[in-house]
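Q: Structure: data.csv, CSV, C-alpha atoms and all ligand atoms.
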chain,number,residue,atom,x,y,z
Y,14,MET,CA,3.3,30.0,-26.3
Y,15,GLN,CA,7.0,29.3,-26.5
Y,16,ASN,CA,7.5,30.8,-23.0
Y,17,ARG,CA,4.8,28.6,-21.6
Y,18,PHE,CA,6.5,25.6,-23.1
Y,19,PHE,CA,9.8,26.7,-21.6
Y,20,PHE,CA,8.4,27.1,-18.1
Y,21,SER,CA,6.5,23.8,-18.3
Y,22,SER,CA,9.7,22.1,-19.3
Y,23,VAL,CA,11.7,23.7,-16.4
Y,24,ILE,CA,9.0,22.6,-14.0
Y,25,ALA,CA,8.9,19.1,-15.3
Y,26,LEU,CA,12.7,18.9,-15.1
Y,27,LEU,CA,12.7,20.2,-11.5
Y,28,ILE,CA,10.0,17.7,-10.4
Y,29,VAL,CA,11.8,14.7,-11.9
Y,30,SER,CA,15.1,16.0,-10.4
Y,31,ILE,CA,13.8,16.5,-6.9
Y,32,ALA,CA,11.5,13.5,-6.8
Y,33,PHE,CA,14.1,11.0,-7.9
Y,34,SER,CA,17.4,12.6,-6.8
Y,35,ILE,CA,18.8,13.1,-10.3
Y,36,PRO,CA,21.2,16.0,-10.6
Y,37,ALA,CA,19.5,18.8,-12.5
Y,38,SER,CA,22.6,19.3,-14.7
Y,39,VAL,CA,22.0,15.8,-16.2
Y,40,LEU,CA,18.4,16.7,-17.0
Y,41,VAL,CA,19.3,20.1,-18.4
Y,42,PHE,CA,21.9,18.6,-20.7
Y,43,GLN,CA,19.3,16.2,-22.2
Y,44,GLY,CA,16.7,18.9,-22.2
Y,45,GLN,CA,18.9,20.9,-24.6
Y,46,GLY,CA,18.6,18.2,-27.2
Y,47,GLY,CA,21.8,16.4,-26.4
Y,48,GLY,CA,20.4,13.0,-27.0
Y,49,ARG,CA,19.4,10.9,-30.0
Y,50,LEU,CA,17.3,8.2,-28.5
Y,51,THR,CA,13.6,7.9,-29.2
Y,52,PHE,CA,11.4,6.4,-26.5
Y,53,VAL,CA,8.6,4.3,-28.0
Y,54,VAL,CA,5.8,4.5,-25.5
Y,55,ASP,CA,3.4,1.6,-25.9
Y,56,ALA,CA,0.0,1.5,-24.1
Y,57,GLY,CA,-0.7,-2.2,-23.9
Y,58,HIS,CA,-4.0,-3.6,-25.3
Y,59,GLY,CA,-6.8,-1.4,-26.7
Y,60,GLY,CA,-10.1,-1.6,-28.5
Y,61,GLU,CA,-11.7,-5.0,-28.2
Y,62,ASP,CA,-8.7,-6.2,-26.3
Y,63,GLY,CA,-9.3,-4.6,-23.0
Y,64,GLY,CA,-6.6,-6.7,-21.2
Y,65,ALA,CA,-7.1,-7.4,-17.5
Y,66,VAL,CA,-10.3,-6.2,-15.9
Y,67,GLY,CA,-10.4,-4.7,-12.4
Y,68,THR,CA,-12.9,-5.7,-9.7
Y,69,ASP,CA,-14.9,-2.5,-10.5
Y,70,GLY,CA,-14.9,-3.2,-14.3
Y,71,THR,CA,-11.9,-1.0,-15.0
Y,72,LEU,CA,-10.2,-2.0,-18.2
Y,73,GLU,CA,-6.4,-2.4,-18.2
Y,74,SER,CA,-6.2,-0.8,-21.7
Y,75,GLU,CA,-7.7,2.4,-20.4
Y,76,VAL,CA,-5.3,2.7,-17.4
Y,77,ASN,CA,-2.4,1.8,-19.7
Y,78,LEU,CA,-3.3,4.6,-22.1
Y,79,ALA,CA,-3.7,7.2,-19.4
Y,80,ILE,CA,-0.2,6.5,-18.0
Y,81,ALA,CA,1.3,6.2,-21.4
Y,82,LEU,CA,0.0,9.6,-22.5
Y,83,ARG,CA,1.3,11.2,-19.3
Y,84,LEU,CA,4.7,9.5,-19.8
Y,85,ASP,CA,4.9,10.7,-23.4
Y,86,GLN,CA,4.1,14.3,-22.3
Y,87,LEU,CA,6.6,14.2,-19.5
Y,88,LEU,CA,9.4,12.8,-21.6
Y,89,GLY,CA,8.6,15.5,-24.2
Y,90,LEU,CA,8.8,18.2,-21.6
Y,91,CYS,CA,12.2,16.9,-20.5
Y,92,GLY,CA,13.3,17.4,-24.1
Y,93,LEU,CA,13.4,13.7,-25.1
Y,94,SER,CA,12.0,12.3,-28.3
Y,95,THR,CA,9.0,10.0,-28.1
Y,96,VAL,CA,6.6,8.0,-30.3
Y,97,LEU,CA,3.3,6.5,-29.2
Y,98,THR,CA,2.1,3.1,-30.6
Y,99,ARG,CA,-1.4,4.3,-29.9
Y,100,ASP,CA,-2.9,7.5,-28.7
Y,101,SER,CA,-6.6,6.5,-28.6
Y,102,ALA,CA,-8.6,3.7,-27.1
Y,103,GLU,CA,-8.7,1.8,-30.4
Y,104,LEU,CA,-6.5,-0.9,-31.9
Y,105,ILE,CA,-4.9,-0.2,-35.3
Y,106,TYR,CA,-5.6,-2.6,-38.1
Y,107,PRO,CA,-6.5,-2.7,-41.8
Y,108,ASP,CA,-10.1,-3.3,-43.1
Y,109,SER,CA,-9.0,-6.8,-44.2
Y,110,ALA,CA,-8.7,-7.9,-40.5
Y,111,VAL,CA,-12.2,-9.1,-39.7
Y,112,THR,CA,-12.1,-11.3,-36.6
Y,113,THR,CA,-10.9,-10.2,-33.2
Y,114,ARG,CA,-8.0,-12.5,-33.5
Y,115,GLU,CA,-6.9,-11.0,-36.9
Y,116,ARG,CA,-7.3,-7.5,-35.5
Y,117,LYS,CA,-5.3,-8.1,-32.4
Y,118,ARG,CA,-2.6,-9.8,-34.5
Y,119,ALA,CA,-2.5,-6.9,-37.1
Y,120,ASP,CA,-2.4,-4.3,-34.3
Y,121,LEU,CA,0.6,-6.1,-32.7
Y,122,GLU,CA,2.4,-6.3,-36.0
Y,123,TYR,CA,1.8,-2.6,-36.5
Y,124,ARG,CA,3.3,-1.9,-33.0
Y,125,ILE,CA,6.3,-4.0,-33.8
Y,126,SER,CA,6.8,-2.1,-37.1
Y,127,VAL,CA,6.6,1.2,-35.2
Y,128,VAL,CA,9.3,0.0,-32.8
Y,129,ASN,CA,11.6,-1.6,-35.4
Y,130,ARG,CA,11.5,1.3,-37.9
Y,131,THR,CA,12.2,3.9,-35.2
Y,132,ASP,CA,15.9,4.9,-35.2
Y,133,GLN,CA,17.7,4.4,-31.9
Y,134,ALA,CA,14.5,3.2,-30.3
Y,135,VAL,CA,13.9,2.3,-26.6
Y,136,LEU,CA,10.6,0.5,-26.0
Y,137,LEU,CA,8.5,1.2,-22.9
Y,138,SER,CA,5.5,-1.0,-22.8
Y,139,ILE,CA,2.9,-0.1,-20.2
Y,140,HIS,CA,0.6,-2.7,-18.6
Y,141,GLN,CA,-1.3,-3.5,-15.4
Y,142,ASN,CA,-1.1,-6.8,-13.5
Y,143,LYS,CA,-3.9,-9.0,-12.2
Y,144,TYR,CA,-3.8,-12.0,-9.8
Y,145,SER,CA,-6.3,-14.6,-8.7
Y,146,SER,CA,-6.2,-13.3,-5.1
Y,147,SER,CA,-6.4,-9.7,-4.0
Y,148,GLY,CA,-3.2,-9.7,-1.9
Y,149,PRO,CA,-0.4,-8.9,-4.4
Y,150,ARG,CA,0.4,-5.3,-5.1
Y,151,GLY,CA,3.1,-3.1,-6.5
Y,152,ALA,CA,4.9,-2.4,-9.8
Y,153,GLN,CA,7.2,-4.9,-11.5
Y,154,VAL,CA,9.4,-4.3,-14.4
Y,155,PHE,CA,10.3,-7.0,-17.0
Y,156,TYR,CA,13.1,-6.7,-19.6
Y,157,GLY,CA,13.8,-7.9,-23.1
Y,158,LYS,CA,16.8,-9.8,-24.3
Y,159,VAL,CA,18.6,-6.8,-26.0
Y,160,GLU,CA,21.7,-5.5,-24.2
Y,161,GLY,CA,20.9,-2.5,-21.9
Y,162,SER,CA,17.3,-3.7,-21.2
Y,163,GLU,CA,18.2,-5.4,-17.8
Y,164,ALA,CA,20.0,-2.4,-16.3
Y,165,PHE,CA,17.2,-0.1,-17.5
Y,166,ALA,CA,14.6,-2.4,-15.9
Y,167,LYS,CA,16.5,-2.5,-12.6
Y,168,THR,CA,16.7,1.3,-12.5
Y,169,ALA,CA,13.0,1.6,-13.3
Y,170,GLN,CA,12.2,-1.0,-10.7
Y,171,GLU,CA,14.1,1.1,-8.1
Y,172,LYS,CA,12.3,4.3,-9.0
Y,173,LEU,CA,8.9,2.6,-8.9
Y,174,ALA,CA,9.7,0.9,-5.5
Y,175,VAL,CA,10.2,4.4,-4.0
Y,176,LEU,CA,6.7,5.2,-5.2
Y,177,CYS,CA,4.9,2.0,-4.3
Y,178,GLY,CA,6.8,1.0,-1.2
Y,179,GLU,CA,6.9,-2.5,-2.6
Y,180,HIS,CA,10.3,-4.0,-3.5
Y,181,ARG,CA,9.8,-6.5,-6.3
Y,182,LYS,CA,12.7,-7.7,-8.5
Y,183,ALA,CA,13.0,-6.8,-12.2
Y,184,ALA,CA,12.8,-10.0,-14.2
Y,185,PRO,CA,13.3,-11.3,-17.8
Y,186,ILE,CA,10.1,-11.2,-19.8
Y,187,SER,CA,8.4,-14.4,-20.9
Y,188,PRO,CA,9.2,-15.2,-24.6
Y,189,ASP,CA,5.5,-15.5,-25.1
Y,190,ILE,CA,5.1,-11.7,-25.1
Y,191,TYR,CA,5.2,-11.1,-28.8
Y,192,LEU,CA,6.0,-7.4,-28.9
Y,193,MET,CA,8.9,-7.7,-26.5
Y,194,ARG,CA,10.2,-10.7,-28.2
Y,195,GLU,CA,10.2,-9.2,-31.7
Y,196,SER,CA,11.5,-5.8,-30.8
Y,197,HIS,CA,15.1,-5.3,-31.8
Y,198,CYS,CA,16.0,-2.6,-29.3
Y,199,PRO,CA,16.4,-2.2,-25.5
Y,200,ALA,CA,13.0,-2.8,-24.1
Y,201,ILE,CA,11.1,-2.9,-20.8
Y,202,LEU,CA,7.6,-3.8,-19.9
Y,203,VAL,CA,6.2,-2.1,-16.8
Y,204,GLU,CA,3.4,-3.8,-14.9
Y,205,CYS,CA,2.4,-0.6,-12.9
Y,206,GLY,CA,0.3,-2.4,-10.3
Y,207,PHE,CA,-2.4,-5.0,-9.6
Y,208,LEU,CA,-6.0,-4.3,-10.8
Y,209,SER,CA,-6.9,-7.2,-8.5
Y,210,ASN,CA,-5.9,-5.4,-5.4
Y,211,PRO,CA,-8.8,-3.1,-4.4
Y,212,GLU,CA,-6.6,-0.4,-2.7
Y,213,GLU,CA,-4.1,-0.4,-5.5
Y,214,LEU,CA,-6.9,-0.2,-8.1
Y,215,VAL,CA,-8.1,3.0,-6.5
Y,216,LEU,CA,-4.6,4.4,-6.9
Y,217,LEU,CA,-4.1,3.2,-10.5
Y,218,ILE,CA,-7.3,4.9,-11.7
Y,219,SER,CA,-6.4,8.2,-10.0
Y,220,GLU,CA,-4.8,10.9,-12.1
Y,221,PRO,CA,-2.2,12.0,-9.4
Y,222,TYR,CA,-0.9,8.4,-9.0
Y,223,GLN,CA,-0.8,7.9,-12.8
Y,224,THR,CA,1.3,11.0,-13.0
Y,225,LYS,CA,3.6,9.7,-10.3
Y,226,LEU,CA,4.0,6.4,-12.1
Y,227,ALA,CA,4.9,8.3,-15.3
Y,228,LEU,CA,7.4,10.4,-13.3
Y,229,ALA,CA,9.1,7.3,-11.9
Y,230,ILE,CA,9.4,5.8,-15.4
Y,231,ALA,CA,10.6,9.1,-16.9
Y,232,ALA,CA,13.2,9.3,-14.1
Y,233,ALA,CA,14.5,5.9,-15.1
Y,234,CYS,CA,14.7,6.9,-18.8
Y,235,ILE,CA,16.8,10.0,-17.8
Y,236,SER,CA,19.1,8.0,-15.4
Y,237,GLN,CA,19.8,5.4,-17.9
Y,238,TYR,CA,20.0,7.6,-20.9
Y,239,ASN,CA,23.8,7.5,-21.4
Y,240,GLU,CA,23.9,3.7,-20.9
Y,241,LEU,CA,21.1,3.2,-23.5
Y,242,GLU,CA,22.9,5.5,-25.9
Y,243,ASN,CA,26.1,3.5,-25.4
Y,244,TYR,CA,24.2,0.5,-26.7
Y,245,TYR,CA,23.7,2.3,-30.0
Y,246,GLY,CA,27.3,3.5,-30.0
Y,247,LYS,CA,28.5,-0.1,-30.0
Y,248,ASN,CA,25.8,-1.6,-32.3
N,1,ZN,ZN,-1.4,-6.3,-20.2
Could I get this file's structure written as structure tokens?
A:
Amino acid sequence: MQNRFFFSSVIALLIVSIAFSIPASVLVFQGQGGGRLTFVVDAGHGGEDGGAVGTDGTLESEVNLAIALRLDQLLGLCGLSTVLTRDSAELIYPDSAVTTRERKRADLEYRISVVNRTDQAVLLSIHQNKYSSSGPRGAQVFYGKVEGSEAFAKTAQEKLAVLCGEHRKAAPISPDIYLMRESHCPAILVECGFLSNPEELVLLISEPYQTKLALAIAAACISQYNELENYYGKN
């Protein structure tokens, strides 16, 4: 069993290294437990909050979860620490939350508590985009206000551009996004693609493309690892 885990780890490291031109030595160093950061992987929405809906009825919350689970697994195989804010389709709330509004609010507060009680946390919030016309496509990364977030977002944007062939610009997140606003750590929100674009929708629900998206985001985590750790060295 241990051998299987070792070989899986080596394969994951090699794939990330080759696919995103990161020296294998950097990966191996972190794979040996050199780091202290914990990546909080957040699959946006869930339960009665499905998020955006694709033209075929696909729920954003399901695509987010599929990519988040892959990302969590991949980061783990690369030897990095992770925490998931949800690992099932459901929102997390107490019995006292009765209305949808109360449940969504309680779930968001739970997510914020997970982020803010995690030591040396880095938040990765996974979402899908939607637009009123079917034209726009491609991933876009948004960043929070905490130092280190912008550089991390730009790196993630570059890695995702390689995959999508669409060169969008990383941008600051709107202050309306509660989870990003209330998180006290470096944070990015990745809009992986547009559910409103029929060709991209087909990709976003396919397992191989979900894995590639997870690989691109994992590659950004590894590339920016030292810079993100420096943030905690200073603060
Ligand atoms: Zn969303």
Q: If you count only C-alpha atoms, which residues fall within 10 Å of Ala134 (chain Y), apart from same-chain ones fewer than 6 positions away, as a PyMOL selection string?
A: chain Y and resi 49-53+94-96+127-128+196-200+241-242+245
Q: Keeping C-alpha atoms for every residue in the selection just given, could you write it to a file as a PDB file, keeping the file's coordinate frame?
A:
ATOM      1  CA  ARG Y  49      19.400  10.900 -30.000  1.00  0.00           C
ATOM      2  CA  LEU Y  50      17.300   8.200 -28.500  1.00  0.00           C
ATOM      3  CA  THR Y  51      13.600   7.900 -29.200  1.00  0.00           C
ATOM      4  CA  PHE Y  52      11.400   6.400 -26.500  1.00  0.00           C
ATOM      5  CA  VAL Y  53       8.600   4.300 -28.000  1.00  0.00           C
ATOM      6  CA  SER Y  94      12.000  12.300 -28.300  1.00  0.00           C
ATOM      7  CA  THR Y  95       9.000  10.000 -28.100  1.00  0.00           C
ATOM      8  CA  VAL Y  96       6.600   8.000 -30.300  1.00  0.00           C
ATOM      9  CA  VAL Y 127       6.600   1.200 -35.200  1.00  0.00           C
ATOM     10  CA  VAL Y 128       9.300   0.000 -32.800  1.00  0.00           C
ATOM     11  CA  SER Y 196      11.500  -5.800 -30.800  1.00  0.00           C
ATOM     12  CA  HIS Y 197      15.100  -5.300 -31.800  1.00  0.00           C
ATOM     13  CA  CYS Y 198      16.000  -2.600 -29.300  1.00  0.00           C
ATOM     14  CA  PRO Y 199      16.400  -2.200 -25.500  1.00  0.00           C
ATOM     15  CA  ALA Y 200      13.000  -2.800 -24.100  1.00  0.00           C
ATOM     16  CA  LEU Y 241      21.100   3.200 -23.500  1.00  0.00           C
ATOM     17  CA  GLU Y 242      22.900   5.500 -25.900  1.00  0.00           C
ATOM     18  CA  TYR Y 245      23.700   2.300 -30.000  1.00  0.00           C
TER      19      TYR Y 245
END
Q: Restrict the calculation to all atoms listed in the file, then for each residue of chain Y with any atom at most 6 Å from an atom of ligand ZN 1 (chain N) give the closest atom pair and their distance in Å to one decimal, rows by chain and rising residue number, as a Markdown table.
A:
| residue | atom | partner | partner_atom | distance |
| --- | --- | --- | --- | --- |
| Y:Gly57 | CA | N:ZN1 | ZN | 5.6 |
| Y:Gly64 | CA | N:ZN1 | ZN | 5.3 |
| Y:His140 | CA | N:ZN1 | ZN | 4.4 |
| Y:Gln141 | CA | N:ZN1 | ZN | 5.6 |
Q: Which of these, Y:Glu61, Y:Ser187, Y:Pro107, Y:Glu240, has the shortest distance to Val135 (chain Y) once you count only C-alpha atoms?
A: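 Smallest distance to Val135 (chain Y) is found for Y:Glu240.
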Q: How many Å lie between CA of Val203 (chain Y) and CA of Ile139 (chain Y), rounded to one decimal?
A: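 Computing it gives 5.1 Å between the two atoms.
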Q: Show me the residues around (4.1, -3.6, -12.7) - criterion: an atom at most 9 Å away, only C-alpha atoms counted - as a compact mmCIF listing (two decimals) with C-alpha atoms, in the frame of the given file.
A:
# COMPACT_ATOMS: atom_id res chain seq x y z
CA ILE Y 139 2.90 -0.10 -20.20
CA HIS Y 140 0.60 -2.70 -18.60
CA GLN Y 141 -1.30 -3.50 -15.40
CA ASN Y 142 -1.10 -6.80 -13.50
CA ARG Y 150 0.40 -5.30 -5.10
CA GLY Y 151 3.10 -3.10 -6.50
CA ALA Y 152 4.90 -2.40 -9.80
CA GLN Y 153 7.20 -4.90 -11.50
CA VAL Y 154 9.40 -4.30 -14.40
CA PHE Y 155 10.30 -7.00 -17.00
CA GLN Y 170 12.20 -1.00 -10.70
CA LEU Y 173 8.90 2.60 -8.90
CA LEU Y 202 7.60 -3.80 -19.90
CA VAL Y 203 6.20 -2.10 -16.80
CA GLU Y 204 3.40 -3.80 -14.90
CA CYS Y 205 2.40 -0.60 -12.90
CA GLY Y 206 0.30 -2.40 -10.30
CA PHE Y 207 -2.40 -5.00 -9.60
Q: Mind giving me the straight-line distance from CA of Leu93 (chain Y) to CA of Gln133 (chain Y) in Å, one decimal?
A: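 For CA of Leu93 (chain Y) relative to CA of Gln133 (chain Y), the distance reads 12.3 Å.
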Q: Y:Glu213, Y:Glu103, Y:Asp132, Y:Glu75: which is nearest Gly60 (chain Y), counting all atoms listed in the file?
A: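 Ranking Y:Glu213, Y:Glu103, Y:Asp132, Y:Glu75 by distance to Gly60 (chain Y), first place goes to Y:Glu103.
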Q: What is the CA of His180 (chain Y)-CA of Gln86 (chain Y) distance in Å, reported with one decimal?
A: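 Between CA of His180 (chain Y) and CA of Gln86 (chain Y) the gap is 27.0 Å.
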Q: Hey, which of Y:Glu160, Y:Glu220, Y:Asp85, Y:Glu179 ends up closest to Leu97 (chain Y)? Count only C-alpha atoms.
A: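 Using only C-alpha atoms, the shortest distance to Leu97 (chain Y) belongs to Y:Asp85.
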Q: I'd like to know which of Y:Thr224, Y:Ser236, Y:Thr131, Y:Asn210 is closest to Ile80 (chain Y), using only C-alpha atoms.
A: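 Nearest to Ile80 (chain Y): Y:Thr224.
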Q: Just want the 9 Å neighbourhood of Leu214 (chain Y), counted on only C-alpha atoms, with same-chain residues fewer than 5 positions away dropped. Output as a list in words.
A: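 Everything that qualifies: Gly67, Thr68, Asp69, Thr71, Gly206, Phe207, Leu208, Ser209 and Ser219 of chain Y.
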Q: For a cutoff of 7 Å around the file-coordinate point (7.0, 8.0, -10.1), which residues qualify once you count only C-alpha atoms? I'd like the result as a PDB file with C-alpha atoms, in the coordinates of the input.
A:
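Full text of point.pdb as output:
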ATOM      1  CA  LYS Y 172      12.300   4.300  -9.000  1.00  0.00           C
ATOM      2  CA  LEU Y 173       8.900   2.600  -8.900  1.00  0.00           C
ATOM      3  CA  LEU Y 176       6.700   5.200  -5.200  1.00  0.00           C
ATOM      4  CA  LYS Y 225       3.600   9.700 -10.300  1.00  0.00           C
ATOM      5  CA  LEU Y 226       4.000   6.400 -12.100  1.00  0.00           C
ATOM      6  CA  ALA Y 227       4.900   8.300 -15.300  1.00  0.00           C
ATOM      7  CA  LEU Y 228       7.400  10.400 -13.300  1.00  0.00           C
ATOM      8  CA  ALA Y 229       9.100   7.300 -11.900  1.00  0.00           C
ATOM      9  CA  ILE Y 230       9.400   5.800 -15.400  1.00  0.00           C
TER      10      ILE Y 230
END
Q: I'd like to know which of Y:Ser126, Y:Ser138, Y:Ser74, Y:Ser145 is closest to Ser101 (chain Y), using only C-alpha atoms.
A: Y:Ser74
